[in-house]
2 protein chains.
Amino acid sequence: MVSNEVNQYIEKIIPARSEQVLKIEQYAKLHNVPIMELTGMETLLSYVRLKKPKRILEVGTAIGYSAIRMALACQTAEIISIERDEERYNIAKENVESFHLENRITLLFGDANELQKQVENYAPYDFIFIDAAKGQYQNFFDHYSSMLSPDGIIVTDNVLFRGYVAEESGLESRRLRSLVKKIRSFNEYIMQHPDYQSSILPVGDGMMVSIRNS
Amino acid sequence: MVSNEVNQYIEKIIPARSEQVLKIEQYAKLHNVPIMELTGMETLLSYVRLKKPKRILEVGTAIGYSAIRMALACQTAEIISIERDEERYNIAKENVESFHLENRITLLFGDANELQKQVENYAPYDFIFIDAAKGQYQNFFDHYSSMLSPDGIIVTDNVLFRGYVAEESGLESRRLRSLVKKIRSFNEYIMQHPDYQSSILPVGDGMMVSIRNS
């Protein structure tokens with residue numbers, strides 16, 4: 001969605017990441033694990049740094065990249081993160097341990113639609129980051145927004161889904177069309193939600209930032 | 001920088017603005033006054049809503065559009081805003097009064113390079129928004145960042161300048177090349193600044209978000 005030149009320029013002047021962080025990025029690239037692209041990550045981190053959350057809920061750990069980046073960006077944050085893919089969950093566990101962050105990042109293995117009770121044990125959250133199965137966003141939002149503290153923020157990634165969400169036509173597969181329809185309906189629902197003020201940022205794969213009315 | 005389709009999609013689902021706000025947007029369009037585009041504005045407002053600043057400094061009022069939007073987004077914020085163009089300053093004054101916001105928005109007429117003393121009377125600021133002469137960004141940042149509170153945020157607009165900043169070549173006019181060089185040097189300076197963690201967002205005309213290390 002953003003031109004390559006612009007993305008490359010931004011990535012070129014982003015401050016250097018540690019060897020250890022780069023190692024996770026390289027692993028993801030090599031094994032086709034979708035992690036956030038850098039400009040999206042830096043945008044997410046700007047909200048984390050501004051909010052300085054006490055407790056973050058992440059829906060969709062993948063291999064722990066974003067949880068680790070958020071923990072490093074805010075030294076006082078505790079993070080609860082859910083992953084339903086066992087292999088990724090195990091790699092995330094290793095990555096978190098290699099950063100000695102296991103005291104601040106708690107990984108839960110299971111489907112985010114079924115883990116509400118466990119997740120509630122750690123509530124309230126003042127920051128929720130949703131980056132998981134896009135077809136389930138409405139469910140995730142409804143399950144977990146009740147655990148948000150009154151002045152909390154919810155960031156939802158991939159709400160423009162490679163720009164497909166903005167295209168009027170041209171999607172050939174029925175599966176894709178159905179997914180795009182779900183994301184659109186989620187976006188409209190959130191933009192009109194009376195309890196939140198939301199903005200869609202055309203950054204990375206599209207980021208919805210929802211701030212609870214206090 | 002962002003595709004038209006994506007921008008149009010986002011603008012389509014942004015919640016409706018009041019007649020009064022639309023009137024300022026229409027005036028700006030008609031009279032070629034550069035005001036922030038909607039996706040950029042919504043991104044700025046997301047930081048305002050999250051931060052809930054007590055006092056905002058704006059460098060570059062233009063006709064008051066962004067000051068008014070920020071004041072409406074955060075009912076407790078006071079805004080000090082500087083404009084050096086007398087005609088725009090006068091229109092901004094009218095606009096602020098038409099919203100009955102003159103008790104929360106203070107407009108100062110003059111060059112931001114010469115108003116430090118007056119601006120300091122209202123310091124500290126916990127939110128600074130720089131949206132003025134791009135060739136002066138380094139000066140503005142240096143003049144006013146000392147008035148930022150310890151947990152403050154500085155947002156600087158237009159740091160990608162229509163994407164020119166990311167282009168390797170192709171700028172024909174010397175004036176443009178010199179301006180692009182200045183913005184690049186500002187961007188690198190800020191990204192490496194030891195007192196701030198900064199991100200460049202490829203939104204609108206490019207937005208730098210700098211959060212002070214606390």
# chains A, B, ... in the order shown; residues from 1 in each chain; ligands from 1

$ interface_residues --of "chain A" --to "chain B" --cutoff "7 Å" --atoms "only C-alpha atoms" --output "MDAnalysis selection string"
chainID A and resid 1:3 5:6 9:10 13:15 39 42:43 46 49:50 163 166:167 188 191:192 199:203 211

$ select_by_dssp --residues "region 10-149 of chain A" --states "helix (DSSP H, G or I)" --output "VMD selection string"
chain A and resid 10 to 13 19 to 30 38 to 51 65 to 73 86 to 98 116 to 120 134 to 147

$ residues_around --residues "Met70 (chain A)" --least-positions-apart "2" --cutoff "12 Å" --atoms "only C-alpha atoms" --output "JSON, numbers by chain"
{"A": [21, 41, 42, 43, 44, 45, 46, 47, 48, 49, 50, 51, 52, 53, 54, 55, 56, 57, 58, 61, 64, 65, 66, 67, 68, 72, 73, 74, 75, 76, 77, 78, 79, 80, 81, 96, 101, 104, 105, 127, 128, 129]}

$ select_by_dssp --residues "chain A" --states "strand (DSSP E or B)" --output "number ranges by chain"
A: 2, 55-59, 78-83, 105-109, 125-130, 148-157, 196-201, 207-212

$ write_last_selection --atoms "N, CA and C atoms" --output "compact mmCIF listing (two decimals), in the first residue's frame"
# COMPACT_ATOMS: atom_id res chain seq x y z
N VAL A 2 1.93 1.21 0.81
CA VAL A 2 2.88 2.32 0.81
C VAL A 2 3.96 1.98 -0.20
N ARG A 55 -0.05 -3.78 31.74
CA ARG A 55 -0.31 -5.14 31.28
C ARG A 55 -0.89 -5.13 29.87
N ILE A 56 -0.21 -5.89 29.01
CA ILE A 56 -0.62 -5.98 27.60
C ILE A 56 -1.17 -7.38 27.33
N LEU A 57 -2.30 -7.45 26.63
CA LEU A 57 -2.77 -8.73 26.11
C LEU A 57 -2.49 -8.76 24.61
N GLU A 58 -1.82 -9.82 24.17
CA GLU A 58 -1.59 -9.99 22.74
C GLU A 58 -2.34 -11.23 22.26
N VAL A 59 -3.17 -11.05 21.25
CA VAL A 59 -3.86 -12.20 20.65
C VAL A 59 -3.11 -12.55 19.37
N GLU A 78 4.03 -5.97 31.59
CA GLU A 78 3.88 -7.44 31.59
C GLU A 78 2.99 -7.79 30.40
N ILE A 79 3.31 -8.90 29.74
CA ILE A 79 2.58 -9.26 28.54
C ILE A 79 2.02 -10.67 28.65
N ILE A 80 0.73 -10.81 28.37
CA ILE A 80 0.10 -12.12 28.26
C ILE A 80 -0.17 -12.32 26.77
N SER A 81 0.29 -13.43 26.22
CA SER A 81 0.17 -13.60 24.78
C SER A 81 -0.34 -15.00 24.44
N ILE A 82 -1.30 -15.05 23.51
CA ILE A 82 -1.99 -16.31 23.17
C ILE A 82 -1.55 -16.80 21.78
N GLU A 83 -1.27 -18.09 21.68
CA GLU A 83 -0.96 -18.67 20.36
C GLU A 83 -1.60 -20.06 20.26
N ILE A 105 6.82 -11.97 30.13
CA ILE A 105 5.96 -12.43 29.02
C ILE A 105 5.42 -13.82 29.37
N THR A 106 4.10 -13.90 29.51
CA THR A 106 3.46 -15.18 29.79
C THR A 106 2.78 -15.67 28.53
N LEU A 107 3.17 -16.84 28.06
CA LEU A 107 2.59 -17.38 26.83
C LEU A 107 1.51 -18.39 27.18
N LEU A 108 0.36 -18.25 26.53
CA LEU A 108 -0.73 -19.21 26.73
C LEU A 108 -0.96 -19.96 25.43
N PHE A 109 -1.02 -21.28 25.53
CA PHE A 109 -1.23 -22.10 24.33
C PHE A 109 -2.70 -22.44 24.19
N TYR A 125 -6.39 -5.29 31.37
CA TYR A 125 -5.29 -4.92 30.48
C TYR A 125 -5.47 -3.45 30.10
N ASP A 126 -4.38 -2.73 30.02
CA ASP A 126 -4.53 -1.35 29.53
C ASP A 126 -4.06 -1.22 28.08
N PHE A 127 -3.64 -2.34 27.50
CA PHE A 127 -3.24 -2.35 26.08
C PHE A 127 -3.58 -3.73 25.54
N ILE A 128 -4.36 -3.79 24.47
CA ILE A 128 -4.66 -5.08 23.83
C ILE A 128 -4.20 -4.99 22.37
N PHE A 129 -3.45 -5.99 21.95
CA PHE A 129 -2.96 -6.01 20.57
C PHE A 129 -3.49 -7.28 19.90
N ILE A 130 -4.29 -7.09 18.85
CA ILE A 130 -4.90 -8.23 18.15
C ILE A 130 -4.20 -8.43 16.80
N LEU A 148 -10.59 -4.66 29.10
CA LEU A 148 -9.75 -3.47 28.92
C LEU A 148 -10.02 -2.47 30.05
N SER A 149 -8.97 -1.86 30.57
CA SER A 149 -9.19 -0.86 31.61
C SER A 149 -9.82 0.39 30.99
N PRO A 150 -10.44 1.24 31.82
CA PRO A 150 -11.25 2.35 31.29
C PRO A 150 -10.48 3.29 30.36
N ASP A 151 -9.18 3.45 30.60
CA ASP A 151 -8.43 4.36 29.73
C ASP A 151 -7.55 3.58 28.76
N GLY A 152 -7.99 2.37 28.42
CA GLY A 152 -7.15 1.48 27.61
C GLY A 152 -7.21 1.72 26.11
N ILE A 153 -6.32 1.02 25.41
CA ILE A 153 -6.22 1.13 23.95
C ILE A 153 -6.17 -0.27 23.35
N ILE A 154 -6.85 -0.44 22.21
CA ILE A 154 -6.80 -1.70 21.47
C ILE A 154 -6.23 -1.42 20.09
N VAL A 155 -5.16 -2.12 19.73
CA VAL A 155 -4.60 -1.99 18.38
C VAL A 155 -4.87 -3.30 17.65
N THR A 156 -5.46 -3.20 16.47
CA THR A 156 -5.76 -4.39 15.68
C THR A 156 -4.99 -4.31 14.37
N ASP A 157 -4.20 -5.33 14.09
CA ASP A 157 -3.36 -5.28 12.89
C ASP A 157 -4.08 -5.91 11.69
N TYR A 196 -15.59 3.64 21.73
CA TYR A 196 -14.21 3.86 21.26
C TYR A 196 -14.14 4.96 20.22
N GLN A 197 -13.00 5.64 20.21
CA GLN A 197 -12.65 6.54 19.11
C GLN A 197 -11.56 5.81 18.33
N SER A 198 -11.80 5.54 17.07
CA SER A 198 -10.86 4.70 16.32
C SER A 198 -10.34 5.40 15.07
N SER A 199 -9.10 5.03 14.72
CA SER A 199 -8.48 5.52 13.48
C SER A 199 -7.88 4.33 12.77
N ILE A 200 -7.97 4.34 11.44
CA ILE A 200 -7.28 3.32 10.64
C ILE A 200 -6.03 3.95 10.06
N LEU A 201 -4.87 3.34 10.35
CA LEU A 201 -3.61 3.86 9.83
C LEU A 201 -3.15 3.00 8.65
N MET A 207 -3.55 -0.67 10.30
CA MET A 207 -3.61 -0.79 11.75
C MET A 207 -4.78 0.02 12.27
N MET A 208 -5.64 -0.64 13.04
CA MET A 208 -6.76 0.07 13.67
C MET A 208 -6.36 0.41 15.09
N VAL A 209 -6.48 1.67 15.44
CA VAL A 209 -6.13 2.12 16.79
C VAL A 209 -7.42 2.59 17.46
N SER A 210 -7.84 1.92 18.53
CA SER A 210 -9.11 2.23 19.18
C SER A 210 -8.86 2.65 20.61
N ILE A 211 -9.26 3.85 20.94
CA ILE A 211 -9.03 4.37 22.29
C ILE A 211 -10.36 4.50 22.99
N ARG A 212 -10.42 3.87 24.16
CA ARG A 212 -11.68 3.81 24.89
C ARG A 212 -12.06 5.18 25.41

$ residues_around --residues "Asn95 (chain B)" --least-positions-apart "3" --cutoff "8 Å" --atoms "only C-alpha atoms" --output "PyMOL selection string"
chain B and resi 24+63-64+91-92+98-99

$ atom_distance --atom1 "CA of Glu97 (chain B)" --atom2 "CA of Phe140 (chain B)"
27.1 Å
